[in-house]
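Participant: Dropping in start.cif, with mmCIF, C-alpha atoms and all ligand atoms.
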data_data
loop_
_atom_site.label_atom_id
_atom_site.label_comp_id
_atom_site.auth_asym_id
_atom_site.auth_seq_id
_atom_site.Cartn_x
_atom_site.Cartn_y
_atom_site.Cartn_z
CA MET A 18 121.66 95.75 114.94
CA THR A 19 122.05 95.73 111.12
CA GLU A 20 124.45 92.76 111.34
CA GLN A 21 122.09 90.84 113.56
CA LEU A 22 119.12 91.48 111.30
CA ALA A 23 121.17 90.58 108.22
CA GLU A 24 122.06 87.21 109.76
CA HIS A 25 118.35 86.51 110.30
CA TYR A 26 117.58 87.47 106.70
CA ARG A 27 120.33 85.11 105.55
CA GLN A 28 118.62 82.31 107.43
CA ILE A 29 115.23 83.24 105.97
CA ILE A 30 116.67 83.14 102.45
CA SER A 31 118.17 79.69 103.14
CA ALA A 32 114.95 78.43 104.72
CA LEU A 33 113.11 79.49 101.56
CA GLY A 34 115.38 77.19 99.59
CA GLU A 35 117.58 79.85 98.00
CA ASP A 36 121.36 80.10 98.11
CA PRO A 37 122.27 83.25 100.07
CA ASP A 38 125.81 83.05 98.64
CA ARG A 39 124.86 83.29 94.99
CA GLU A 40 125.93 86.52 93.39
CA GLY A 41 122.54 88.25 93.20
CA LEU A 42 121.73 87.49 96.83
CA ARG A 43 125.12 88.04 98.41
CA ASP A 44 124.37 91.54 99.69
CA THR A 45 120.64 91.01 100.06
CA PRO A 46 120.58 90.20 103.80
CA LYS A 47 122.32 93.49 104.55
CA ARG A 48 120.15 95.46 102.13
CA ALA A 49 116.99 93.90 103.52
CA ALA A 50 118.15 94.62 107.07
CA LYS A 51 118.76 98.29 106.25
CA ALA A 52 115.43 98.55 104.42
CA MET A 53 113.57 97.09 107.39
CA GLN A 54 115.37 99.44 109.77
CA PHE A 55 114.30 102.36 107.60
CA LEU A 56 110.71 101.13 107.48
CA THR A 57 110.58 101.02 111.27
CA HIS A 58 112.62 104.11 112.15
CA GLY A 59 109.53 105.75 113.61
CA TYR A 60 110.24 103.90 116.86
CA GLU A 61 113.35 106.03 117.34
CA GLN A 62 111.65 109.37 116.84
CA SER A 63 110.02 111.56 119.44
CA LEU A 64 107.26 114.07 118.97
CA GLU A 65 109.15 116.84 120.75
CA THR A 66 112.29 116.51 118.59
CA LEU A 67 110.24 116.24 115.44
CA ILE A 68 108.14 119.35 116.14
CA ASN A 69 111.32 121.29 116.95
CA GLY A 70 109.34 124.23 118.34
CA ALA A 71 107.43 124.87 115.10
CA ILE A 72 104.30 126.03 116.85
CA PHE A 73 103.29 129.59 116.06
CA GLU A 74 100.91 131.94 117.78
CA SER A 75 97.94 132.82 115.60
CA ASN A 76 94.42 134.08 116.05
CA THR A 77 93.12 131.80 113.28
CA ASP A 78 90.25 129.78 114.60
CA GLU A 79 88.91 128.40 111.32
CA MET A 80 89.50 124.88 110.13
CA VAL A 81 92.89 124.07 108.62
CA LEU A 82 93.08 121.01 106.38
CA VAL A 83 96.21 119.28 105.11
CA LYS A 84 95.18 116.84 102.41
CA ASP A 85 96.71 113.94 100.48
CA ILE A 86 99.77 113.31 102.65
CA GLU A 87 101.28 110.14 101.17
CA LEU A 88 101.58 107.31 103.59
CA TYR A 89 103.70 104.17 103.54
CA SER A 90 103.31 101.83 106.46
CA MET A 91 103.64 98.14 107.21
CA CYS A 92 100.91 95.90 108.54
CA GLU A 93 101.87 94.26 111.79
CA HIS A 94 100.19 90.99 110.84
CA HIS A 95 102.12 90.17 107.67
CA LEU A 96 104.90 92.76 107.61
CA LEU A 97 103.67 93.81 104.19
CA PRO A 98 103.14 97.42 103.12
CA PHE A 99 99.97 99.38 103.19
CA ILE A 100 100.02 102.50 101.10
CA GLY A 101 97.68 105.43 100.87
CA LYS A 102 96.84 108.98 101.80
CA CYS A 103 96.21 110.76 105.04
CA HIS A 104 94.07 113.88 105.51
CA ILE A 105 94.40 115.91 108.70
CA ALA A 106 92.27 118.84 109.84
CA TYR A 107 92.26 120.84 113.03
CA MET A 108 90.52 123.81 114.57
CA PRO A 109 93.32 125.96 116.04
CA ARG A 110 93.08 127.53 119.45
CA GLY A 111 95.62 130.37 119.56
CA ARG A 112 98.42 128.49 117.82
CA VAL A 113 99.15 126.75 114.55
CA LEU A 114 101.57 123.98 113.69
CA GLY A 115 104.25 124.23 110.98
CA LEU A 116 102.85 122.70 107.79
CA SER A 117 105.58 120.10 107.22
CA LYS A 118 105.11 118.79 110.75
CA PHE A 119 101.82 117.12 109.84
CA ALA A 120 103.65 114.97 107.30
CA ARG A 121 106.42 114.30 109.82
CA ILE A 122 103.88 113.17 112.40
CA VAL A 123 102.29 110.84 109.82
CA ASP A 124 105.69 109.32 109.01
CA MET A 125 106.72 108.92 112.62
CA TYR A 126 103.74 106.64 113.29
CA ALA A 127 103.59 105.07 109.82
CA ARG A 128 107.19 103.90 109.99
CA ARG A 129 106.34 101.26 112.55
CA MET A 130 104.50 97.96 112.57
CA GLN A 131 100.92 99.10 112.43
CA ILE A 132 97.28 98.48 111.80
CA GLN A 133 95.50 101.27 110.02
CA GLU A 134 93.03 102.05 112.81
CA LYS A 135 95.76 102.46 115.42
CA LEU A 136 97.85 104.58 113.05
CA THR A 137 94.86 106.89 112.47
CA ARG A 138 94.28 107.33 116.17
CA GLU A 139 97.95 107.91 117.01
CA ILE A 140 98.23 110.66 114.39
CA ALA A 141 95.05 112.37 115.63
CA GLU A 142 96.11 112.24 119.28
CA ALA A 143 99.60 113.53 118.48
CA VAL A 144 98.21 116.50 116.54
CA LEU A 145 95.84 117.28 119.40
CA ARG A 146 98.60 117.04 121.98
CA VAL A 147 100.93 119.31 120.04
CA THR A 148 98.40 121.95 118.94
CA GLN A 149 95.97 121.87 121.88
CA ALA A 150 93.39 122.47 119.15
CA ARG A 151 89.61 122.64 119.63
CA GLY A 152 89.33 119.57 117.48
CA VAL A 153 91.29 117.23 115.22
CA ALA A 154 90.12 114.96 112.41
CA VAL A 155 92.16 112.36 110.57
CA VAL A 156 91.12 110.18 107.64
CA ILE A 157 93.34 107.52 106.09
CA GLU A 158 92.55 105.80 102.81
CA ALA A 159 94.90 102.90 102.12
CA ARG A 160 95.45 99.72 100.15
CA HIS A 161 96.93 96.76 101.94
CA LEU A 162 99.31 94.55 100.01
CA CYS A 163 98.52 91.66 102.35
CA MET A 164 95.04 91.71 100.84
CA MET A 165 96.17 92.35 97.28
CA MET A 166 99.16 90.14 96.52
CA ARG A 167 98.29 87.28 98.90
CA GLY A 168 95.37 86.11 101.05
CA VAL A 169 92.05 87.05 99.48
CA GLU A 170 93.86 88.75 96.56
CA LYS A 171 91.51 91.68 96.13
CA GLN A 172 93.39 94.23 94.06
CA ASN A 173 90.83 96.99 94.12
CA SER A 174 89.74 97.10 97.71
CA SER A 175 90.79 99.93 99.96
CA MET A 176 90.17 100.79 103.57
CA THR A 177 89.08 104.12 104.99
CA SER A 178 89.51 104.85 108.68
CA SER A 179 88.78 108.03 110.59
CA VAL A 180 89.22 109.50 114.02
CA MET A 181 87.36 112.66 115.11
CA LEU A 182 88.31 114.44 118.30
CA GLY A 183 86.81 117.47 120.08
CA ALA A 184 84.81 119.79 117.80
CA PHE A 185 84.86 117.27 114.94
CA ARG A 186 83.26 114.70 117.18
CA ASP A 187 80.77 116.99 118.89
CA ASN A 188 79.71 119.24 116.04
CA GLN A 189 77.93 117.68 113.07
CA SER A 190 78.44 120.66 110.72
CA THR A 191 82.19 120.87 111.48
CA ARG A 192 82.54 117.19 110.70
CA GLN A 193 80.47 117.60 107.55
CA GLU A 194 82.58 120.54 106.35
CA PHE A 195 85.71 118.45 106.86
CA LEU A 196 84.35 115.47 104.95
CA THR A 197 83.16 117.69 102.09
CA LEU A 198 86.59 119.32 101.82
CA VAL A 199 88.34 115.94 101.88
CA ARG A 200 86.16 114.65 99.05
CA SER A 201 86.52 117.76 96.87
CA ASN A 202 89.39 117.93 94.36
N1 LIG B 1 91.55 95.93 110.84
C1 LIG B 1 92.71 95.75 110.20
N2 LIG B 1 93.01 94.53 109.76
C2 LIG B 1 94.17 94.39 109.11
C3 LIG B 1 95.07 95.42 108.87
N3 LIG B 1 96.13 94.93 108.17
C4 LIG B 1 95.88 93.62 108.00
N4 LIG B 1 94.70 93.27 108.55
C5 LIG B 1 93.98 91.98 108.64
O1 LIG B 1 94.45 91.19 109.71
C6 LIG B 1 93.86 89.92 109.57
C7 LIG B 1 94.76 88.82 110.07
O2 LIG B 1 93.99 87.64 109.99
P1 LIG B 1 94.52 86.16 110.24
O3 LIG B 1 93.41 85.22 109.89
O4 LIG B 1 95.17 86.08 111.58
O5 LIG B 1 95.72 86.05 109.18
P2 LIG B 1 95.69 85.39 107.74
O6 LIG B 1 95.40 83.94 107.81
O7 LIG B 1 97.00 85.75 107.07
O8 LIG B 1 94.48 86.14 107.07
P3 LIG B 1 94.13 86.41 105.54
O9 LIG B 1 94.72 87.75 105.20
O10 LIG B 1 92.62 86.46 105.52
O11 LIG B 1 94.72 85.32 104.72
C8 LIG B 1 93.48 89.80 108.11
O12 LIG B 1 92.06 89.84 108.05
C9 LIG B 1 94.09 91.07 107.47
O13 LIG B 1 93.34 91.52 106.35
C10 LIG B 1 94.72 96.70 109.37
O14 LIG B 1 95.43 97.70 109.23
N5 LIG B 1 93.53 96.82 110.03
ZN ZN B 2 98.46 92.33 106.71
#
Could the structure of this file be written out as structure tokens, please?
Ligand SMILES: Nc1nc2c(ncn2[C@@H]2O[C@H](COP(=O)(O)OP(=O)(O)OP(=O)(O)O)[C@@H](O)[C@H]2O)c(=O)[nH]1
Ligand SMILES: [Zn+2]
Facilitator:
Amino acid sequence: MTEQLAEHYRQIISALGEDPDREGLRDTPKRAAKAMQFLTHGYEQSLETLINGAIFESNTDEMVLVKDIELYSMCEHHLLPFIGKCHIAYMPRGRVLGLSKFARIVDMYARRMQIQEKLTREIAEAVLRVTQARGVAVVIEARHLCMMMRGVEKQNSSMTSSVMLGAFRDNQSTRQEFLTLVRSN
């Protein structure tokens, strides 16, 4: 797989008018291949393996919020990065999820070719599936390099997307509490 990808990168470098055999570029096809494999390794992960049983019984039924999870993904239109933060909240129902697993879920879906809206939904649905919570809310704030370094070249724009499930969708005050907590420092 790496070899095959590297050969394609070699051709891309040539097609762009560069010499893939010059010293600085000699190992670039292989490096680029490995980098791209890393940036898409989410396809090889599964939710079950990633959670690894880290679900714990608990009588907590108040909102739990995990804020400012860094996010690096790649837009499926241009294969350029989008970078930002993800905030996840849930209302537990008898069990809680290991803290690090929220970040692992984010990475599993971010390390794929994505659009931000789909990424937001996939994270929310995964958290709901794993926790069986009363509700799940996910907000992603991100900057898209395809909009910053090319195209319309807007360096200061960012995109916010959200998905509210269960109690966060049905209950205005729960949603409001979540949004207030996300905005507070
Ligand atoms: N909704 C959404 N759009 C995205 C995302 N990432 C990239 N895009 C947009 O996808 C669109 C693709 O539009 P096209 O007109 O097919 O491609 P393009 O000619 O490269 O577009 P420009 O970026 O406007 O130059 C652009 O408007 C991008 O800004 C994302 O995560 N969500
Ligand atoms: Zn893009």
Participant: Skip Leu145 of chain A itself and residues of its chain fewer than 6 positions away, then list as a PDB file with C-alpha atoms, in the coordinates of the input all residues within 12 Å of it, counting all atoms listed in the file.
Facilitator:
ATOM      1  CA  LEU A  64     107.260 114.070 118.970  1.00  0.00           C
ATOM      2  CA  ILE A 105      94.400 115.910 108.700  1.00  0.00           C
ATOM      3  CA  ALA A 106      92.270 118.840 109.840  1.00  0.00           C
ATOM      4  CA  TYR A 107      92.260 120.840 113.030  1.00  0.00           C
ATOM      5  CA  MET A 108      90.520 123.810 114.570  1.00  0.00           C
ATOM      6  CA  PRO A 109      93.320 125.960 116.040  1.00  0.00           C
ATOM      7  CA  ARG A 110      93.080 127.530 119.450  1.00  0.00           C
ATOM      8  CA  ARG A 112      98.420 128.490 117.820  1.00  0.00           C
ATOM      9  CA  VAL A 113      99.150 126.750 114.550  1.00  0.00           C
ATOM     10  CA  LEU A 114     101.570 123.980 113.690  1.00  0.00           C
ATOM     11  CA  PHE A 119     101.820 117.120 109.840  1.00  0.00           C
ATOM     12  CA  ILE A 122     103.880 113.170 112.400  1.00  0.00           C
ATOM     13  CA  ARG A 138      94.280 107.330 116.170  1.00  0.00           C
ATOM     14  CA  GLU A 139      97.950 107.910 117.010  1.00  0.00           C
ATOM     15  CA  ARG A 151      89.610 122.640 119.630  1.00  0.00           C
ATOM     16  CA  GLY A 152      89.330 119.570 117.480  1.00  0.00           C
ATOM     17  CA  VAL A 153      91.290 117.230 115.220  1.00  0.00           C
ATOM     18  CA  ALA A 154      90.120 114.960 112.410  1.00  0.00           C
ATOM     19  CA  VAL A 155      92.160 112.360 110.570  1.00  0.00           C
ATOM     20  CA  VAL A 180      89.220 109.500 114.020  1.00  0.00           C
ATOM     21  CA  MET A 181      87.360 112.660 115.110  1.00  0.00           C
ATOM     22  CA  LEU A 182      88.310 114.440 118.300  1.00  0.00           C
ATOM     23  CA  GLY A 183      86.810 117.470 120.080  1.00  0.00           C
ATOM     24  CA  ALA A 184      84.810 119.790 117.800  1.00  0.00           C
ATOM     25  CA  PHE A 185      84.860 117.270 114.940  1.00  0.00           C
TER      26      PHE A 185
END
Participant: Which residues are near segment 86-98 of chain A? Cut-off 8 Å, all atoms listed in the file, ignore same chain within fewer than 6 positions. Put them as a ChimeraX atom specification.
Facilitator: /A:56,104,120,123-124,127-133,161-163
Participant: Out of A:Ile140, A:Lys171, A:Gln21, A:Met80, which residue has the shortest atom-to-atom distance to Thr191 of chain A when counting only C-alpha atoms?
Facilitator: A:Met80
Participant: Ranking A:Lys51, A:Arg192, A:Lys135, A:Arg200 by minimum distance to Asp85 of chain A and counting all atoms listed in the file, which one comes first?
Facilitator: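 Comparing A:Lys51, A:Arg192, A:Lys135, A:Arg200 against Asp85 of chain A, the winner is A:Arg200.
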Participant: Box for segment 185-190 of chain A: with edges along x, y and z, all listed atoms inside and 5 Å added on each side, what are the centre and edge lengths in Å to one decimal, as AutoDock Vina command-line options?
Facilitator:
--center_x 81.4 --center_y 117.7 --center_z 114.8 --size_x 16.9 --size_y 16.0 --size_z 18.2
Participant: Considering all atoms listed in the file, can you say which of A:Gly101, A:Tyr126, A:Thr77, A:Ser117 comes closest to Glu61 of chain A?
Facilitator: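 That would be A:Tyr126, the residue with the smallest distance to Glu61 of chain A.
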Participant: Given the choices A:Thr137, A:Met166, A:Leu196, A:Asp44, which gets closest to ligand ZN 2 (chain B) if the distance is worked out from all atoms listed in the file?
Facilitator: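 That would be A:Met166, the residue with the smallest distance to ligand ZN 2 (chain B).
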Participant: Between A:Glu142, A:Glu20, A:Glu170, A:Asp187, which is the closest to ligand LIG 1 (chain B) once you count all atoms listed in the file?
Facilitator: A:Glu170
Participant: May I ask for the distance between atom CA of Gln28 of chain A and atom C7 of ligand LIG 1 (chain B), given in Å to one decimal place?
Facilitator: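 Computing it gives 24.9 Å between the two atoms.
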Participant: Just to confirm, what's the straight-line distance from atom CA of Glu158 of chain A to atom CA of Met176 of chain A in Å (one decimal)?
Facilitator: 5.6 Å
Participant: Between A:Leu198, A:Phe99, A:Gly34, A:Glu74, which is the closest to ligand ZN 2 (chain B) once you count all atoms listed in the file?
Facilitator: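 With all atoms listed in the file as the atom set, the closest residue is A:Phe99.
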Participant: Would you mind reading off the distance between atom CA of Met165 of chain A and atom O9 of ligand LIG 1 (chain B), one decimal, in Å?
Facilitator: 9.3 Å
Participant: Dig up all the protein and nucleic acid residues within 6 Å of (115.8, 91.8, 110.1) in the file frame, using all atoms listed in the file, and format them as a VMD selection string.
Facilitator: chain A and resid 22 to 23 25 to 26 50
